[in-house]
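Structure first, then comments.
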Amino acid sequence: MLYPQSVGFSEFLGNTATVTHLRESVRAGRFPHSLVLAGPRGAGKYKLSLMLAQAVNCLNPTQSDGLPDFCGICSNCTRIAEGANLEERVEEALAVRDDLREADKRETWILIQTHPDVLIVPPDPPQLMIKLGQVRQAIHVAYYRPPVEARRAFTIFTCSQFMKEAANSLLKLLEEPPERTTLILLTENPQELLPTIRSRAVIHRLGAIPPADIEALLAMRRPELSARDRALAARLAEGSVGRALAMDLSIYLASRNDAVVLLRTALREPDYSALFHATETYRAGADGQEKTVNLLRALGSLVEDLLLIVAGTPALIRNLDLSAELTRMAEGLNLDWIDGAARALVQVEQGMRRNLLRSLSLDAMAVSLEL
């Protein structure tokens, strides 16, 4: 589903200090040759990198709050923005590669370029890592294709998972960057990058967005959600705007209902008929695997909430609408039980990799957690 958006930096939520600092670099004409945008998944790293490319290269630049902004309607802005839906662009590129001969597939890398001077490098399937061929192409573009329609070219690596030889090759671009090219690396954890890469780039961090701010955004972008659902989605997103906007609450709530049945069986008077009725639908196959993963995530969220209640910080729980029931469940619990529950979740996940019967694994986990 698409939601209406405003134009310019006003649509970027939170992390004002970081965004302001980067916009000041644009205003001063001293935009860095290489930078790292670090932050949790969905914090807006990719969105911000595209917005910076737009701000630097907008044909009709504007200002907001006394800082550079972009019009969003010129040819540079619109073509850069076409790369915003990264998953869709990657699927299109994969479809093209799949149609090639086997010999050609091995030499064809996934690269996204909706503007001739903005190269986007996503992790290449199936390993989902940045590969040597992609980095070599980025080096070729940077050194031998000077920007033709933009003031400054951008190369954006959308993850920090590099194959070893690819990471080593990237150092060449960082050590001797072309004058009119900026390299942006996006990562959830800067420590995943080689120290030699981190030392050659300016690191900017994006923090988690407060739930209240995400709720306000959801009220504008997803008006079909009730106030209760907005509050729940904002907490479950854990500070990630992208996750909140894309969240399908119906899937989560269905999984959570089964997770609550498992916890009730473990922590209250056991109702095995309800337990077996809930778990019998978790069968083999890809659909069953996805359903089981969703259940384990929901159960993990509930166990974390129980931990917060036991620790005396109930205001921090995510499943606010279950606050009363979770408080009752937490009575008599200790850290040993919560540690055991976390370990049981890991065991079920490991069992999925060994193709163990999912319904039986879930039943056994619920019984093992009984007080």
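By order of appearance in the structure tokens: chains A, B, ..., then residues from 1 within every chain, and ligands from 1 in the order shown.
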
**Request:** May I have the residues within 10 Å of Arg27 (chain A) as a ChimeraX atom specification, using only C-alpha atoms and disregarding those fewer than 5 positions away in the same chain?
**Result:** /A:21-22,55-56,63,66-69

Take the residues just selected and output them with C-alpha atoms as a compact mmCIF listing (two decimals), in the first residue's frame.
```
# COMPACT_ATOMS: atom_id res chain seq x y z
CA HIS A 21 24.86 18.37 10.24
CA LEU A 22 24.70 16.67 6.85
CA ALA A 55 19.80 17.82 -2.10
CA VAL A 56 23.29 17.92 -3.61
CA GLN A 63 15.65 25.98 1.58
CA GLY A 66 17.67 27.98 6.72
CA LEU A 67 19.29 24.85 5.28
CA PRO A 68 19.50 23.35 1.77
CA ASP A 69 16.52 21.30 0.61
```

What's around Arg243 (chain A) at 10 Å? Count only C-alpha atoms, leave out sequence neighbours fewer than 5 positions away in its own chain, and write the answer as a PDB file with C-alpha atoms, in the first residue's frame.
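Okay, this is what ended up in part-v2.pdb:
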```pdb
ATOM      1  CA  ARG A  41      16.926  -1.543  10.439  1.00  0.00           C
ATOM      2  CA  GLY A  42      14.172   0.756   9.224  1.00  0.00           C
ATOM      3  CA  ALA A  43      15.673   3.885  10.807  1.00  0.00           C
ATOM      4  CA  GLY A  44      15.726   5.595   7.409  1.00  0.00           C
ATOM      5  CA  ALA A 233       2.682  -0.775  15.953  1.00  0.00           C
ATOM      6  CA  ALA A 234       4.804   2.105  17.253  1.00  0.00           C
ATOM      7  CA  LEU A 236       6.634  -3.135  18.073  1.00  0.00           C
ATOM      8  CA  ALA A 237       8.640  -1.149  15.524  1.00  0.00           C
ATOM      9  CA  GLU A 238      11.350  -0.550  18.159  1.00  0.00           C
ATOM     10  CA  ASP A 248       0.996  -5.985   8.865  1.00  0.00           C
TER      11      ASP A 248
END
```

**Request:** Would you kindly return, as a list in words, each protein, DNA or RNA residue with an atom no farther than 6 Å from any atom of region 202-219 of chain A, considering only C-alpha atoms and excluding same-chain residues fewer than 3 positions away?
**Result:** Asn15, Leu35, Val36, Leu37, Ala38, Gly39, Arg222, Pro223, Arg230, Ala234, Arg235 and Gly239 of chain A

**Request:** Please provide the set of residues having any atom within 10 Å of Ile317 (chain A), restricted to only C-alpha atoms, with same-chain residues fewer than 2 positions apart removed, written as number ranges by chain.
**Result:** A: 235-236, 301-302, 304-309, 313-315, 319-323, 326

Using only C-alpha atoms, what does the table of region 46-77 of chain A residues within 12 Å of region 179-195 of chain A look like, with each row giving the shortest atom pair and its distance in Å to one decimal, sorted by chain and ascending number, as JSON lines?
```
{"residue": "A:Tyr46", "atom": "CA", "partner": "A:Leu186", "partner_atom": "CA", "distance": 7.1}
{"residue": "A:Lys47", "atom": "CA", "partner": "A:Leu186", "partner_atom": "CA", "distance": 10.6}
{"residue": "A:Leu48", "atom": "CA", "partner": "A:Leu186", "partner_atom": "CA", "distance": 10.2}
{"residue": "A:Ser49", "atom": "CA", "partner": "A:Ile184", "partner_atom": "CA", "distance": 7.2}
{"residue": "A:Leu50", "atom": "CA", "partner": "A:Ile184", "partner_atom": "CA", "distance": 10.0}
{"residue": "A:Leu52", "atom": "CA", "partner": "A:Ile184", "partner_atom": "CA", "distance": 10.2}
{"residue": "A:Ala53", "atom": "CA", "partner": "A:Thr182", "partner_atom": "CA", "distance": 9.1}
{"residue": "A:Val56", "atom": "CA", "partner": "A:Thr182", "partner_atom": "CA", "distance": 10.5}
{"residue": "A:Asn57", "atom": "CA", "partner": "A:Arg180", "partner_atom": "CA", "distance": 11.5}
```
